[in-house]
>>> print(open('start.txt').read())   # compact mmCIF, C-alpha atoms
# COMPACT_ATOMS: atom_id res chain seq x y z
CA MET A 1 24.07 -54.35 -23.41
CA LYS A 2 27.05 -52.75 -21.67
CA TYR A 3 29.16 -55.87 -22.00
CA ILE A 4 28.21 -56.35 -25.65
CA ILE A 5 29.37 -52.81 -26.45
CA ILE A 6 32.63 -53.37 -24.57
CA ALA A 7 33.20 -56.64 -26.43
CA ILE A 8 32.57 -54.96 -29.81
CA VAL A 9 35.01 -52.16 -28.96
CA LEU A 10 37.69 -54.61 -27.85
CA ILE A 11 37.24 -56.72 -30.99
CA SER A 12 37.50 -53.68 -33.26
CA ILE A 13 40.60 -52.38 -31.45
CA GLY A 14 42.08 -55.88 -31.72
CA LEU A 15 41.44 -55.92 -35.46
CA ILE A 16 43.11 -52.54 -35.87
CA ILE A 17 46.17 -53.57 -33.83
CA TYR A 18 46.42 -56.88 -35.70
CA GLY A 19 46.27 -55.01 -39.00
CA PHE A 20 49.16 -52.78 -37.96
CA ASN A 21 51.23 -55.79 -36.86
CA LEU A 22 50.99 -57.73 -40.12
CA ASP A 23 54.06 -58.00 -42.32
CA VAL A 24 54.78 -55.62 -45.16
CA GLY A 25 54.08 -58.34 -47.74
CA GLU A 26 50.46 -58.63 -46.60
CA GLU A 27 49.62 -54.98 -47.10
CA ALA A 28 46.18 -55.53 -48.66
CA LEU A 29 45.12 -57.83 -45.84
CA SER A 30 46.50 -55.34 -43.32
CA HIS A 31 44.37 -52.54 -44.76
CA ARG A 32 41.32 -54.79 -44.68
CA TYR A 33 41.75 -55.54 -40.95
CA ILE A 34 42.35 -51.88 -40.10
CA GLY A 35 39.35 -50.74 -42.14
CA SER A 36 37.07 -53.42 -40.73
CA GLY A 37 38.02 -52.52 -37.17
CA THR A 38 37.40 -48.84 -37.83
CA LEU A 39 34.03 -49.48 -39.47
CA ILE A 40 32.88 -51.72 -36.64
CA LEU A 41 33.98 -49.15 -34.09
CA PHE A 42 32.22 -46.20 -35.70
CA LEU A 43 29.22 -47.80 -37.39
CA VAL A 44 28.28 -50.39 -34.76
CA ALA A 45 29.81 -49.65 -31.35
CA MET A 46 29.34 -45.89 -31.31
CA PRO A 47 25.63 -45.88 -32.27
CA LEU A 48 24.93 -48.64 -29.72
CA PHE A 49 26.71 -46.62 -27.05
CA LEU A 50 24.83 -43.44 -27.93
CA ILE A 51 21.47 -45.22 -27.92
CA ARG A 52 22.23 -46.76 -24.54
CA GLU A 53 23.40 -43.51 -22.95
CA SER A 54 20.66 -41.27 -24.35
CA LYS A 55 17.74 -43.40 -23.18
CA GLY A 56 15.33 -41.38 -21.05
CA LYS A 57 16.90 -37.99 -21.79
CA LYS A 58 15.11 -35.08 -23.41
CA PHE A 59 16.68 -33.90 -26.65
CA ASN A 60 15.50 -30.31 -26.10
CA ASP A 61 17.68 -29.97 -22.99
CA TYR A 62 20.81 -30.23 -25.17
CA MET A 63 19.76 -27.84 -27.95
CA LEU A 64 21.09 -24.29 -28.04
CA THR A 65 17.81 -22.43 -28.06
CA ASP A 66 17.49 -18.81 -26.95
CA GLU A 67 15.93 -19.94 -23.67
CA ASN A 68 18.76 -22.38 -22.87
CA VAL A 69 21.46 -19.82 -23.76
CA ARG A 70 19.83 -17.31 -21.41
CA LYS A 71 19.76 -19.94 -18.63
CA MET A 72 23.48 -20.60 -19.11
CA GLN A 73 24.21 -16.87 -18.94
CA GLY A 74 22.12 -16.47 -15.79
CA LYS A 75 19.60 -14.12 -17.44
CA GLU A 76 15.85 -14.22 -17.21
CA PRO A 77 14.03 -15.82 -20.17
CA ARG A 78 12.47 -13.36 -22.59
CA LYS A 79 8.77 -12.80 -22.31
CA THR A 80 6.93 -12.97 -25.60
CA ASP A 81 3.57 -11.49 -26.50
CA ASN A 82 2.02 -14.96 -26.37
CA GLN A 83 2.88 -15.38 -22.68
CA ASP A 84 1.29 -12.08 -21.58
CA THR A 85 -2.13 -12.55 -23.14
CA PRO A 86 -4.81 -14.03 -20.87
CA LYS A 87 -6.41 -17.28 -21.94
CA LYS A 88 -10.15 -17.42 -22.54
>>> encode(input="start.txt", output="structure tokens")
Amino acid sequence: MKYIIIAIVLISIGLIIYGFNLDVGEEALSHRYIGSGTLILFLVAMPLFLIRESKGKKFNDYMLTDENVRKMQGKEPRKTDNQDTPKK
């Protein structure tokens, strides 16, 4: 999967560079290559990379909840009424 993502990124960067290097007379074709490279980069390569890198990670660890903000500040988590009541 890693090598597929790298290949997609290199292909899309190649398309963008090729689009910038085309002559002035082929402006429509140039825009098509640049746009295709950008779309492939952001709509194919980036989601594949994010899926690969986020596998096995908990989403709640990266959310800015009150508990996580207090951890970052070095404060104790707040105790709520629900935590103090004994369970039956």
>>> atom_distance(input="start.txt", atom1="atom CA of Leu15 of chain A", atom2="atom CA of Ser36 of chain A")
7.3 Å
>>> atom_distance(input="start.txt", atom1="atom CA of Ala7 of chain A", atom2="atom CA of Leu39 of chain A")
14.9 Å
>>> atom_distance(input="start.txt", atom1="atom CA of Lys57 of chain A", atom2="atom CA of Met72 of chain A")
18.8 Å
>>> closest_residue(input="start.txt", among="A:Phe59, A:Gln73, A:Arg52, A:Gly37", to="Tyr3 of chain A", atoms="all atoms listed in the file")
A:Arg52
>>> decode(input="start.txt", residues="segment 19-49 of chain A", atoms="N, CA, C and O atoms", output="short mmCIF file (atom, residue, chain, number, x, y, z; two decimals), in the first residue's frame")
data_model
loop_
_atom_site.label_atom_id
_atom_site.label_comp_id
_atom_site.auth_asym_id
_atom_site.auth_seq_id
_atom_site.Cartn_x
_atom_site.Cartn_y
_atom_site.Cartn_z
N GLY A 19 2.17 19.69 -17.10
CA GLY A 19 1.20 20.71 -17.48
C GLY A 19 1.81 22.10 -17.48
O GLY A 19 1.51 22.94 -18.34
N PHE A 20 2.71 22.37 -16.53
CA PHE A 20 3.37 23.67 -16.49
C PHE A 20 4.42 23.83 -17.59
O PHE A 20 4.75 24.94 -17.98
N ASN A 21 4.93 22.73 -18.10
CA ASN A 21 5.98 22.79 -19.12
C ASN A 21 5.46 22.78 -20.55
O ASN A 21 6.25 22.90 -21.48
N LEU A 22 4.16 22.64 -20.74
CA LEU A 22 3.62 22.67 -22.10
C LEU A 22 3.70 24.08 -22.68
O LEU A 22 3.75 25.07 -21.95
N ASP A 23 3.70 24.14 -23.99
CA ASP A 23 3.79 25.43 -24.67
C ASP A 23 2.54 26.28 -24.44
O ASP A 23 1.48 25.79 -24.06
N VAL A 24 2.68 27.56 -24.73
CA VAL A 24 1.58 28.51 -24.55
C VAL A 24 0.42 28.18 -25.48
O VAL A 24 -0.74 28.37 -25.13
N GLY A 25 0.67 27.65 -26.64
CA GLY A 25 -0.38 27.32 -27.60
C GLY A 25 -1.28 26.19 -27.14
O GLY A 25 -2.40 26.04 -27.61
N GLU A 26 -0.83 25.37 -26.23
CA GLU A 26 -1.61 24.24 -25.74
C GLU A 26 -2.12 24.52 -24.32
O GLU A 26 -2.02 23.70 -23.42
N GLU A 27 -2.71 25.69 -24.17
CA GLU A 27 -3.13 26.13 -22.84
C GLU A 27 -4.25 25.27 -22.26
O GLU A 27 -4.24 24.94 -21.08
N ALA A 28 -5.21 24.87 -23.07
CA ALA A 28 -6.31 24.05 -22.57
C ALA A 28 -5.82 22.68 -22.11
O ALA A 28 -6.24 22.17 -21.06
N LEU A 29 -4.91 22.10 -22.88
CA LEU A 29 -4.34 20.81 -22.50
C LEU A 29 -3.49 20.95 -21.24
O LEU A 29 -3.50 20.07 -20.37
N SER A 30 -2.80 22.06 -21.13
CA SER A 30 -1.98 22.33 -19.95
C SER A 30 -2.84 22.38 -18.69
O SER A 30 -2.50 21.78 -17.66
N HIS A 31 -3.96 23.08 -18.77
CA HIS A 31 -4.86 23.17 -17.62
C HIS A 31 -5.44 21.81 -17.27
O HIS A 31 -5.65 21.51 -16.08
N ARG A 32 -5.70 21.00 -18.26
CA ARG A 32 -6.24 19.67 -18.02
C ARG A 32 -5.24 18.79 -17.26
O ARG A 32 -5.61 18.08 -16.32
N TYR A 33 -3.96 18.84 -17.64
CA TYR A 33 -2.94 18.06 -16.94
C TYR A 33 -2.75 18.54 -15.50
O TYR A 33 -2.65 17.74 -14.57
N ILE A 34 -2.71 19.85 -15.33
CA ILE A 34 -2.54 20.41 -13.98
C ILE A 34 -3.73 20.05 -13.10
O ILE A 34 -3.57 19.63 -11.94
N GLY A 35 -4.92 20.20 -13.61
CA GLY A 35 -6.13 19.87 -12.85
C GLY A 35 -6.23 18.39 -12.52
O GLY A 35 -6.60 18.02 -11.42
N SER A 36 -5.88 17.54 -13.49
CA SER A 36 -5.92 16.10 -13.24
C SER A 36 -4.93 15.69 -12.17
O SER A 36 -5.25 14.89 -11.28
N GLY A 37 -3.74 16.24 -12.23
CA GLY A 37 -2.73 15.94 -11.22
C GLY A 37 -3.16 16.38 -9.84
O GLY A 37 -2.97 15.66 -8.85
N THR A 38 -3.78 17.55 -9.75
CA THR A 38 -4.24 18.06 -8.47
C THR A 38 -5.39 17.20 -7.92
O THR A 38 -5.41 16.88 -6.73
N LEU A 39 -6.33 16.83 -8.78
CA LEU A 39 -7.45 16.00 -8.34
C LEU A 39 -6.97 14.63 -7.86
O LEU A 39 -7.43 14.13 -6.83
N ILE A 40 -6.06 14.04 -8.59
CA ILE A 40 -5.53 12.73 -8.18
C ILE A 40 -4.82 12.85 -6.84
O ILE A 40 -4.96 11.99 -5.97
N LEU A 41 -4.07 13.92 -6.68
CA LEU A 41 -3.32 14.11 -5.43
C LEU A 41 -4.25 14.25 -4.24
O LEU A 41 -4.05 13.60 -3.21
N PHE A 42 -5.29 15.06 -4.37
CA PHE A 42 -6.14 15.36 -3.22
C PHE A 42 -7.34 14.44 -3.07
O PHE A 42 -7.85 14.29 -1.96
N LEU A 43 -7.81 13.83 -4.13
CA LEU A 43 -8.98 12.96 -4.02
C LEU A 43 -8.65 11.48 -3.99
O LEU A 43 -9.51 10.66 -3.67
N VAL A 44 -7.42 11.12 -4.33
CA VAL A 44 -7.03 9.70 -4.31
C VAL A 44 -5.89 9.46 -3.33
O VAL A 44 -6.01 8.65 -2.40
N ALA A 45 -4.77 10.16 -3.52
CA ALA A 45 -3.58 9.89 -2.71
C ALA A 45 -3.77 10.28 -1.25
O ALA A 45 -3.40 9.53 -0.35
N MET A 46 -4.33 11.46 -1.01
CA MET A 46 -4.48 11.90 0.38
C MET A 46 -5.43 11.02 1.19
O MET A 46 -5.07 10.63 2.31
N PRO A 47 -6.61 10.66 0.69
CA PRO A 47 -7.45 9.74 1.48
C PRO A 47 -6.80 8.38 1.71
O PRO A 47 -6.92 7.81 2.80
N LEU A 48 -6.10 7.84 0.71
CA LEU A 48 -5.41 6.57 0.91
C LEU A 48 -4.35 6.69 2.00
O LEU A 48 -4.19 5.80 2.84
N PHE A 49 -3.61 7.79 1.99
CA PHE A 49 -2.60 8.01 3.01
C PHE A 49 -3.23 8.13 4.39
O PHE A 49 -2.75 7.53 5.36
#
